[in-house]
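Working notes, beginning with the structure itself.
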Amino acid sequence: MADNPYLRVLGATVRGQAQYRASFALDLVTATILAAVDVGAIFMLFRVTRSLGGFAWTEVILITALSVVAFSLADGLVGEIERLKVYVRTGLLDTVLLRPMSALGQLLVLDFASRRLGRIAQALLFYGVALTVAPVVWTPGAVLLAVLAPVAGAVFFGSVFVIFAALAFWWVDSGDVGSAFTYGGRDFTNYPTSMFGGWFRGVFAYGLGFAFVAYLPALALLGRSDPLGVPDPLRWASPCVALLALLLARTVWRAGLRHYGSTGS
């Protein structure tokens with residue numbers, strides 16, 4: 001492990017960020033506070049209503065916690081891949097491709113944002129509280145899902161980050177489009193899918209698969225059927241959907257690398 005080149009680069013990145021202690025501490029605290037905003041919004045909503053989409057606050061908290069953990073993990077580990085457009089525009093990607101290492105792996109460790117570790121820690125703590133407060137029906141399957149669902153959600157969000165970052169291989173200024181699906185997807189999964197309607201719910205929840213990040217796994221943990229009529233077995237399908245998203249991200253990334261033709265300078 002000590003000879004792993006990715007770990008050496010990652011260690012150098014973290015040490016470099018930690019050299020500026022005041023800035024590092026401020027970034028860590030700021031990221032932690034921002035993570036609390038999503039959770040605080042839920043509590044503010046329940047000051048004026050007794051349910052959201054047919055779910056009590058204890059149930060919504062579990063949905064939100066699953067979403068927050070999944071997104072925090074993906075954003076902390078993969079989110080900086082959004083900087084790919086800078087590498088493509090400036091030609092720095094050529095330097096990355098010259099090294100005998102995975103281009104994607106290099107980009108993830110070179111731009112690793114250690115300040116987001118505080119957000120991940122807070123999200124995990126919130127998830128633990130939500131599992132305690134929510135009326136979870138504990139079975140061996142539910143215990144396994146409680147562990148796998150946040151990981152599957154993180155893989156799903158990470159795949160979304162990579163897919164839309166890879167658009168920079170064809171369209172350098174695609175960042176805003178990607179944000180609509182990454183951060184927009186985060187906001188969508190923070191709430192019960194039953195709150196949304198029409199084509200918007202159909203596209204985001206089932207067409208793009210965001211319902212499998214938090215909503216459907218939460219239903220399985222709560223022992224509830226989906227009021228929208230989704231078959232009960234699909235409540236347990238988040239790992240399968242995450243795997244499909246990962247395979248799609250791998251395909252898009254490889255196609256983008258093959259398409260990349262350097263800056264010519």
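Each chain in the structure tokens gets a letter, A, B and so on, in the order shown; residues start at 1 in every chain, and ligands are counted from 1 in the order they appear.
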
Per residue of segment 87-145 of chain A within 12 Å of segment 226-240 of chain A, record the nearest atom pair and its distance in Å to one decimal, counting only C-alpha atoms, with rows in chain order and ascending residue number, as a Markdown table.
| residue | atom | partner | partner_atom | distance |
| --- | --- | --- | --- | --- |
| A:Gly141 | CA | A:Trp236 | CA | 9.3 |
| A:Ala142 | CA | A:Trp236 | CA | 9.4 |
| A:Leu144 | CA | A:Trp236 | CA | 10.4 |
| A:Leu145 | CA | A:Trp236 | CA | 7.5 |

Mind checking DSSP for segment 27-232 of chain A and telling me the helix (DSSP H, G or I) residues as number ranges by chain? A: 27-45, 57-77, 79-90, 92-98, 103-110, 114-133, 140-169, 175-189, 193-195, 198-207, 210-212, 215-222, 232

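Reported to one decimal place, the separation of atom CA of Ala70 of chain A from atom CA of Thr189 of chain A is 9.9 Å.
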
Please provide the set of residues having any atom within 12 Å of Val252 of chain A, restricted to only C-alpha atoms, with same-chain residues fewer than 5 positions apart removed, written as a ChimeraX atom specification. /A:159-170,245-247,257-259

Write a file of the selected residues as a compact mmCIF listing (two decimals), in the first residue's frame, keeping C-alpha atoms.
# COMPACT_ATOMS: atom_id res chain seq x y z
CA SER A 159 -21.28 7.90 -11.76
CA VAL A 160 -23.45 10.93 -12.51
CA PHE A 161 -20.51 13.22 -11.69
CA VAL A 162 -18.24 11.31 -14.07
CA ILE A 163 -20.80 11.09 -16.88
CA PHE A 164 -21.51 14.81 -16.97
CA ALA A 165 -17.88 15.79 -16.38
CA ALA A 166 -16.95 13.65 -19.39
CA LEU A 167 -19.15 15.83 -21.58
CA ALA A 168 -16.21 18.27 -21.49
CA PHE A 169 -14.46 15.99 -24.01
CA TRP A 170 -17.09 17.08 -26.54
CA ALA A 245 -24.87 3.66 -13.57
CA LEU A 246 -21.24 2.71 -12.93
CA LEU A 247 -21.05 0.72 -16.17
CA LEU A 257 -10.89 9.71 -23.77
CA ARG A 258 -10.89 8.17 -27.23
CA HIS A 259 -12.52 11.31 -28.61

Excluding segment 87-92 of chain A and its own-chain neighbours fewer than 2 positions away, which residues fall within 7 Å of it when counting only C-alpha atoms? Please give them as a list in words. Arg83, Leu84, Lys85, Asp94, Thr95, Val96, Val172, Ser262 and Thr263 of chain A

Contacts of Gly185 of chain A at 10 Å or less, counting only C-alpha atoms, minus same-chain residues fewer than 3 places along, as a ChimeraX atom specification? /A:67,71,157,160,179-182,188-190,204-205,208-211,213

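From atom CA of Val136 of chain A back to atom CA of Arg50 of chain A, the distance works out to 19.4 Å.
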
Identify, on the basis of only C-alpha atoms, every residue whose closest approach to Leu73 of chain A does not exceed 10 Å; exclude the query and any residue fewer than 5 positions from it along the same chain; express the result as a VMD selection string. chain A and resid 68 78 to 79 116 to 117 119 to 121 123 to 124 150 to 151 153 to 155 157 to 158

Determine, counting only C-alpha atoms, which protein, DNA and RNA residues have an atom within 7 Å of an atom of Leu222 of chain A; residues of the same chain fewer than 4 positions away are not included. Present the result as an NGL selection string. :A and (135-137 or 218)

Pick from A:Ala149, A:Met195, A:Ala242, A:Ala41 nearest to Gly54 of chain A, counting only C-alpha atoms: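 Of A:Ala149, A:Met195, A:Ala242, A:Ala41, the one nearest Gly54 of chain A, counting only C-alpha atoms, is A:Met195.
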
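Pairwise distance (atom CA of Asp75 of chain A, atom CA of Leu221 of chain A) equals 24.5 Å.
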
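The closest residue to Gly207 of chain A, picked from A:Val147, A:Ala65, A:Leu104, A:Val241 and counting only C-alpha atoms, is A:Val241.
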